[in-house]
Amino acid sequence: MNLPFNNPRSRAFTGWDLLVVVGTVMFAIWLLLLPRSGSGKAPRINCMSNLKQIGLAFRIWSNDHGETFPMNSSVSSLNGGTLEFALTGEVWRHFQIIYNEINNPRVLACLQDDKRTRTTNWQEFTNNSHLSYFVGLDADETKPQTILSGDRNLISATIKPTKGVLSVTTNDRIEWTKAIHQEAGNIGLGDGSAQQVTTASLNKQIQAVFLSTTQAVHRLALPE
């Protein structure tokens with residue numbers, strides 16, 4: 001005896017089937033649009049990766065030079081450092097000196113910084129035009145809370161930069177501009193770590209620097 005069975009191909013197309021098809025199509029469209037809607041996060045994640053590489057490079061350099069960064073007061077150009085360029089506005093020199101530890105200078109420019117161009121050639125890295133990041137002139141590897149580097153889009157209503165250097169004290173407030181990450185930014189610390197920070201958390205970090213050190217001023221050299 002032949003048992004009866006339903007042939008799926010003979011079943012009529014119902015309203016429920018239509019809803020399933022429409023829902024599937026809409027979900028597929030949403031998946032396609034999702035990367036675009038989150039595209040603002042991707043460059044910032046890339047920026048974080050850049051700062052981690054920069055932090056590691058500075059720490060490797062420091063380990064080979066008595067635990068001091070190249071821009072520190074004890075490391076002049078005679079000893080392979082960049083002390084003499086701290087107040088010249090030539091911020092690129094502090095990064096050029098660690099070229100053996102970075103390998104490729106393209107990590108020194110943020111993807112969202114349309115005022116800077118990325119280069120893969122160290123011979124072209126001779127000015128600030130390929131550099132998106134400031135350097136903390138008073139960063140200290142032995143003091144992990146000090147600020148080593150970060151996005152250059154910083155301003156202050158209380159202090160004016162002198163040749164690109166913001167000399168921040170406990171009474172000053174600095175802010176992120178809209179120029180790169182829409183009033184937010186990234187910083188690298190003396191221990192080589194990197195963080196995404198708002199203006200509020202950036203100023204908290206500045207205060208943490210003063211609480212953990214004897215510094216009266218924390219200087220940030222911005223590549224103008």
# chains A, B, ... in the order shown; residues from 1 in each chain; ligands from 1
>>> closest_atom_pairs(of="range 170-190 of chain A", to="range 203-209 of chain A", cutoff="7 Å", atoms="only C-alpha atoms", output="JSON lines")
{"residue": "A:Thr170", "atom": "CA", "partner": "A:Gln207", "partner_atom": "CA", "distance": 6.4}
{"residue": "A:Arg173", "atom": "CA", "partner": "A:Asn203", "partner_atom": "CA", "distance": 6.4}
{"residue": "A:Ile174", "atom": "CA", "partner": "A:Asn203", "partner_atom": "CA", "distance": 6.7}
>>> write_last_selection(atoms="C-alpha atoms", output="PDB file, in the first residue's frame")
ATOM      1  CA  THR A 170      46.884  70.924  37.068  1.00  0.00           C
ATOM      2  CA  ARG A 173      41.953  71.765  30.648  1.00  0.00           C
ATOM      3  CA  ILE A 174      42.576  70.339  27.196  1.00  0.00           C
TER       4      ILE A 174
END
>>> residues_around(residues="range 127-138 of chain A", least_positions_apart="2", cutoff="7 Å", atoms="only C-alpha atoms", output="list of chain:residue names")
A:Met71, A:Asn72, A:Ala86, A:Glu90, A:Val91, A:Trp92, A:Leu108, A:Ala109, A:Cys110, A:Asp113, A:Arg116, A:Thr117, A:Arg118, A:Thr119, A:Phe125, A:Asp140, A:Ile147, A:Leu148, A:Ser149, A:Gly150, A:Asp151, A:Arg152, A:His218, A:Arg219, A:Leu220, A:Ala221, A:Leu222, A:Pro223, A:Glu224
>>> write_last_selection(atoms="N, CA and C atoms", output="PDB file, in the first residue's frame")
ATOM      1  N   MET A  71      63.225  61.849  23.808  1.00  0.00           N
ATOM      2  CA  MET A  71      62.978  63.285  23.993  1.00  0.00           C
ATOM      3  C   MET A  71      63.208  63.736  25.433  1.00  0.00           C
ATOM      4  N   ASN A  72      63.622  62.803  26.320  1.00  0.00           N
ATOM      5  CA  ASN A  72      63.821  63.156  27.731  1.00  0.00           C
ATOM      6  C   ASN A  72      65.042  64.046  27.929  1.00  0.00           C
ATOM      7  N   ALA A  86      62.997  69.340  21.172  1.00  0.00           N
ATOM      8  CA  ALA A  86      61.765  69.313  21.964  1.00  0.00           C
ATOM      9  C   ALA A  86      60.903  70.545  21.747  1.00  0.00           C
ATOM     10  N   GLU A  90      59.469  70.472  15.448  1.00  0.00           N
ATOM     11  CA  GLU A  90      59.792  69.341  14.570  1.00  0.00           C
ATOM     12  C   GLU A  90      59.516  68.032  15.317  1.00  0.00           C
ATOM     13  N   VAL A  91      58.236  67.774  15.523  1.00  0.00           N
ATOM     14  CA  VAL A  91      57.819  66.613  16.316  1.00  0.00           C
ATOM     15  C   VAL A  91      58.208  65.310  15.622  1.00  0.00           C
ATOM     16  N   TRP A  92      58.260  65.332  14.317  1.00  0.00           N
ATOM     17  CA  TRP A  92      58.591  64.128  13.552  1.00  0.00           C
ATOM     18  C   TRP A  92      59.932  63.537  13.953  1.00  0.00           C
ATOM     19  N   LEU A 108      52.392  55.998  11.514  1.00  0.00           N
ATOM     20  CA  LEU A 108      52.468  57.291  12.181  1.00  0.00           C
ATOM     21  C   LEU A 108      51.413  58.277  11.698  1.00  0.00           C
ATOM     22  N   ALA A 109      50.563  57.838  10.776  1.00  0.00           N
ATOM     23  CA  ALA A 109      49.471  58.687  10.276  1.00  0.00           C
ATOM     24  C   ALA A 109      48.144  57.964  10.451  1.00  0.00           C
ATOM     25  N   CYS A 110      47.173  58.658  11.023  1.00  0.00           N
ATOM     26  CA  CYS A 110      45.846  58.095  11.263  1.00  0.00           C
ATOM     27  C   CYS A 110      45.030  58.084   9.972  1.00  0.00           C
ATOM     28  N   ASP A 113      42.807  61.154   9.548  1.00  0.00           N
ATOM     29  CA  ASP A 113      43.451  62.466   9.535  1.00  0.00           C
ATOM     30  C   ASP A 113      43.685  62.894   8.093  1.00  0.00           C
ATOM     31  N   ARG A 116      46.973  64.731   6.843  1.00  0.00           N
ATOM     32  CA  ARG A 116      48.244  64.021   6.823  1.00  0.00           C
ATOM     33  C   ARG A 116      48.209  62.919   5.763  1.00  0.00           C
ATOM     34  N   THR A 117      49.353  62.609   5.215  1.00  0.00           N
ATOM     35  CA  THR A 117      49.463  61.527   4.233  1.00  0.00           C
ATOM     36  C   THR A 117      50.338  60.428   4.801  1.00  0.00           C
ATOM     37  N   ARG A 118      49.990  59.195   4.475  1.00  0.00           N
ATOM     38  CA  ARG A 118      50.779  58.062   4.944  1.00  0.00           C
ATOM     39  C   ARG A 118      51.922  57.793   3.972  1.00  0.00           C
ATOM     40  N   THR A 119      53.056  57.456   4.502  1.00  0.00           N
ATOM     41  CA  THR A 119      54.188  57.095   3.669  1.00  0.00           C
ATOM     42  C   THR A 119      54.802  55.800   4.184  1.00  0.00           C
ATOM     43  N   PHE A 125      60.046  60.821   5.356  1.00  0.00           N
ATOM     44  CA  PHE A 125      59.575  61.231   6.676  1.00  0.00           C
ATOM     45  C   PHE A 125      60.526  62.290   7.244  1.00  0.00           C
ATOM     46  N   ASP A 140      57.549  59.018  30.822  1.00  0.00           N
ATOM     47  CA  ASP A 140      58.583  58.274  31.535  1.00  0.00           C
ATOM     48  C   ASP A 140      58.181  56.797  31.561  1.00  0.00           C
ATOM     49  N   ILE A 147      51.708  60.393  29.861  1.00  0.00           N
ATOM     50  CA  ILE A 147      51.173  60.301  28.490  1.00  0.00           C
ATOM     51  C   ILE A 147      52.326  60.366  27.497  1.00  0.00           C
ATOM     52  N   LEU A 148      52.441  59.333  26.698  1.00  0.00           N
ATOM     53  CA  LEU A 148      53.550  59.197  25.756  1.00  0.00           C
ATOM     54  C   LEU A 148      53.211  59.729  24.372  1.00  0.00           C
ATOM     55  N   SER A 149      51.989  59.490  23.912  1.00  0.00           N
ATOM     56  CA  SER A 149      51.605  59.884  22.555  1.00  0.00           C
ATOM     57  C   SER A 149      50.086  59.951  22.458  1.00  0.00           C
ATOM     58  N   GLY A 150      49.603  60.432  21.325  1.00  0.00           N
ATOM     59  CA  GLY A 150      48.159  60.508  21.123  1.00  0.00           C
ATOM     60  C   GLY A 150      47.809  61.305  19.888  1.00  0.00           C
ATOM     61  N   ASP A 151      46.526  61.351  19.564  1.00  0.00           N
ATOM     62  CA  ASP A 151      46.053  62.101  18.400  1.00  0.00           C
ATOM     63  C   ASP A 151      46.367  63.585  18.569  1.00  0.00           C
ATOM     64  N   ARG A 152      46.697  64.213  17.461  1.00  0.00           N
ATOM     65  CA  ARG A 152      47.187  65.597  17.508  1.00  0.00           C
ATOM     66  C   ARG A 152      46.078  66.637  17.640  1.00  0.00           C
ATOM     67  N   HIS A 218      53.180  68.972  32.311  1.00  0.00           N
ATOM     68  CA  HIS A 218      53.285  67.835  31.397  1.00  0.00           C
ATOM     69  C   HIS A 218      53.175  68.400  29.982  1.00  0.00           C
ATOM     70  N   ARG A 219      54.262  68.336  29.223  1.00  0.00           N
ATOM     71  CA  ARG A 219      54.330  68.983  27.908  1.00  0.00           C
ATOM     72  C   ARG A 219      53.983  68.007  26.793  1.00  0.00           C
ATOM     73  N   LEU A 220      53.071  68.441  25.936  1.00  0.00           N
ATOM     74  CA  LEU A 220      52.641  67.648  24.783  1.00  0.00           C
ATOM     75  C   LEU A 220      53.035  68.400  23.519  1.00  0.00           C
ATOM     76  N   ALA A 221      53.899  67.802  22.708  1.00  0.00           N
ATOM     77  CA  ALA A 221      54.375  68.430  21.483  1.00  0.00           C
ATOM     78  C   ALA A 221      53.506  68.003  20.318  1.00  0.00           C
ATOM     79  N   LEU A 222      52.713  68.949  19.782  1.00  0.00           N
ATOM     80  CA  LEU A 222      51.774  68.661  18.703  1.00  0.00           C
ATOM     81  C   LEU A 222      52.409  68.935  17.342  1.00  0.00           C
ATOM     82  N   PRO A 223      52.282  68.027  16.390  1.00  0.00           N
ATOM     83  CA  PRO A 223      52.827  68.269  15.044  1.00  0.00           C
ATOM     84  C   PRO A 223      51.926  69.203  14.260  1.00  0.00           C
ATOM     85  N   GLU A 224      52.276  70.466  14.159  1.00  0.00           N
ATOM     86  CA  GLU A 224      51.438  71.440  13.482  1.00  0.00           C
ATOM     87  C   GLU A 224      51.637  71.377  11.974  1.00  0.00           C
TER      88      GLU A 224
END
>>> closest_residue(among="A:Leu166, A:Ala216, A:Ile180, A:Ala194", to="Leu87 in chain A", atoms="only C-alpha atoms")
A:Leu166
>>> select_by_dssp(residues="range 85-134 of chain A", states="alpha helix (DSSP H)", output="PyMOL selection string")
chain A and resi 92-96+99-102
>>> residues_around(residues="Asn100 in chain A", least_positions_apart="3", cutoff="10 Å", atoms="only C-alpha atoms", output="list in words")
Ala57, Ile60, Trp61, Gln96, Ile97, Asn103 and Asn104 of chain A
>>> atom_distance(atom1="CA of Leu154 in chain A", atom2="CA of Glu101 in chain A")
26.6 Å
>>> decode(residues="range 51-124 of chain A", atoms="C-alpha atoms", output="PDB file, in the first residue's frame")
ATOM      1  CA  LEU A  51      49.664  53.919  19.116  1.00  0.00           C
ATOM      2  CA  LYS A  52      50.379  50.488  20.564  1.00  0.00           C
ATOM      3  CA  GLN A  53      53.098  49.960  17.956  1.00  0.00           C
ATOM      4  CA  ILE A  54      54.476  53.415  18.707  1.00  0.00           C
ATOM      5  CA  GLY A  55      54.454  52.703  22.445  1.00  0.00           C
ATOM      6  CA  LEU A  56      56.255  49.396  21.961  1.00  0.00           C
ATOM      7  CA  ALA A  57      58.858  51.047  19.723  1.00  0.00           C
ATOM      8  CA  PHE A  58      59.543  53.790  22.282  1.00  0.00           C
ATOM      9  CA  ARG A  59      59.884  51.217  25.048  1.00  0.00           C
ATOM     10  CA  ILE A  60      62.314  49.099  23.032  1.00  0.00           C
ATOM     11  CA  TRP A  61      64.372  52.229  22.354  1.00  0.00           C
ATOM     12  CA  SER A  62      64.193  53.147  26.027  1.00  0.00           C
ATOM     13  CA  ASN A  63      65.373  49.729  27.144  1.00  0.00           C
ATOM     14  CA  ASP A  64      68.482  50.209  25.035  1.00  0.00           C
ATOM     15  CA  HIS A  65      69.124  53.701  26.437  1.00  0.00           C
ATOM     16  CA  GLY A  66      68.946  53.457  30.208  1.00  0.00           C
ATOM     17  CA  GLU A  67      65.120  53.440  30.457  1.00  0.00           C
ATOM     18  CA  THR A  68      64.754  56.920  29.003  1.00  0.00           C
ATOM     19  CA  PHE A  69      62.770  58.023  25.967  1.00  0.00           C
ATOM     20  CA  PRO A  70      64.629  59.925  23.215  1.00  0.00           C
ATOM     21  CA  MET A  71      62.978  63.285  23.993  1.00  0.00           C
ATOM     22  CA  ASN A  72      63.821  63.156  27.731  1.00  0.00           C
ATOM     23  CA  SER A  73      66.068  65.760  29.292  1.00  0.00           C
ATOM     24  CA  SER A  74      68.937  63.315  29.806  1.00  0.00           C
ATOM     25  CA  VAL A  75      69.183  62.186  26.186  1.00  0.00           C
ATOM     26  CA  SER A  76      70.748  64.753  23.866  1.00  0.00           C
ATOM     27  CA  SER A  77      71.506  64.188  20.217  1.00  0.00           C
ATOM     28  CA  LEU A  78      75.081  63.390  21.217  1.00  0.00           C
ATOM     29  CA  ASN A  79      73.693  60.299  22.938  1.00  0.00           C
ATOM     30  CA  GLY A  80      71.324  59.427  20.109  1.00  0.00           C
ATOM     31  CA  GLY A  81      68.308  61.303  21.505  1.00  0.00           C
ATOM     32  CA  THR A  82      66.156  64.229  20.383  1.00  0.00           C
ATOM     33  CA  LEU A  83      66.269  66.585  23.363  1.00  0.00           C
ATOM     34  CA  GLU A  84      67.396  69.559  21.273  1.00  0.00           C
ATOM     35  CA  PHE A  85      64.273  69.314  19.095  1.00  0.00           C
ATOM     36  CA  ALA A  86      61.765  69.313  21.964  1.00  0.00           C
ATOM     37  CA  LEU A  87      60.765  72.960  21.482  1.00  0.00           C
ATOM     38  CA  THR A  88      61.385  73.386  17.748  1.00  0.00           C
ATOM     39  CA  GLY A  89      58.019  72.168  16.425  1.00  0.00           C
ATOM     40  CA  GLU A  90      59.792  69.341  14.570  1.00  0.00           C
ATOM     41  CA  VAL A  91      57.819  66.613  16.316  1.00  0.00           C
ATOM     42  CA  TRP A  92      58.591  64.128  13.552  1.00  0.00           C
ATOM     43  CA  ARG A  93      62.179  63.874  14.797  1.00  0.00           C
ATOM     44  CA  HIS A  94      61.074  62.126  18.001  1.00  0.00           C
ATOM     45  CA  PHE A  95      59.444  59.422  15.876  1.00  0.00           C
ATOM     46  CA  GLN A  96      62.118  59.236  13.222  1.00  0.00           C
ATOM     47  CA  ILE A  97      64.687  58.302  15.858  1.00  0.00           C
ATOM     48  CA  ILE A  98      62.821  55.035  16.588  1.00  0.00           C
ATOM     49  CA  TYR A  99      62.654  53.937  12.952  1.00  0.00           C
ATOM     50  CA  ASN A 100      64.536  50.709  13.700  1.00  0.00           C
ATOM     51  CA  GLU A 101      61.768  49.695  16.097  1.00  0.00           C
ATOM     52  CA  ILE A 102      58.782  50.746  13.945  1.00  0.00           C
ATOM     53  CA  ASN A 103      59.931  49.454  10.519  1.00  0.00           C
ATOM     54  CA  ASN A 104      57.200  51.231   8.543  1.00  0.00           C
ATOM     55  CA  PRO A 105      56.315  54.939   9.000  1.00  0.00           C
ATOM     56  CA  ARG A 106      52.767  54.488   7.690  1.00  0.00           C
ATOM     57  CA  VAL A 107      51.653  53.691  11.262  1.00  0.00           C
ATOM     58  CA  LEU A 108      52.468  57.291  12.181  1.00  0.00           C
ATOM     59  CA  ALA A 109      49.471  58.687  10.276  1.00  0.00           C
ATOM     60  CA  CYS A 110      45.846  58.095  11.263  1.00  0.00           C
ATOM     61  CA  LEU A 111      43.406  56.925   8.571  1.00  0.00           C
ATOM     62  CA  GLN A 112      40.921  59.648   9.574  1.00  0.00           C
ATOM     63  CA  ASP A 113      43.451  62.466   9.535  1.00  0.00           C
ATOM     64  CA  ASP A 114      42.831  64.024   6.120  1.00  0.00           C
ATOM     65  CA  LYS A 115      45.515  66.661   6.758  1.00  0.00           C
ATOM     66  CA  ARG A 116      48.244  64.021   6.823  1.00  0.00           C
ATOM     67  CA  THR A 117      49.463  61.527   4.233  1.00  0.00           C
ATOM     68  CA  ARG A 118      50.779  58.062   4.944  1.00  0.00           C
ATOM     69  CA  THR A 119      54.188  57.095   3.669  1.00  0.00           C
ATOM     70  CA  THR A 120      56.027  53.788   3.661  1.00  0.00           C
ATOM     71  CA  ASN A 121      59.380  55.417   3.009  1.00  0.00           C
ATOM     72  CA  TRP A 122      61.475  56.717   5.900  1.00  0.00           C
ATOM     73  CA  GLN A 123      63.425  58.912   3.471  1.00  0.00           C
ATOM     74  CA  GLU A 124      60.208  60.918   2.947  1.00  0.00           C
TER      75      GLU A 124
END
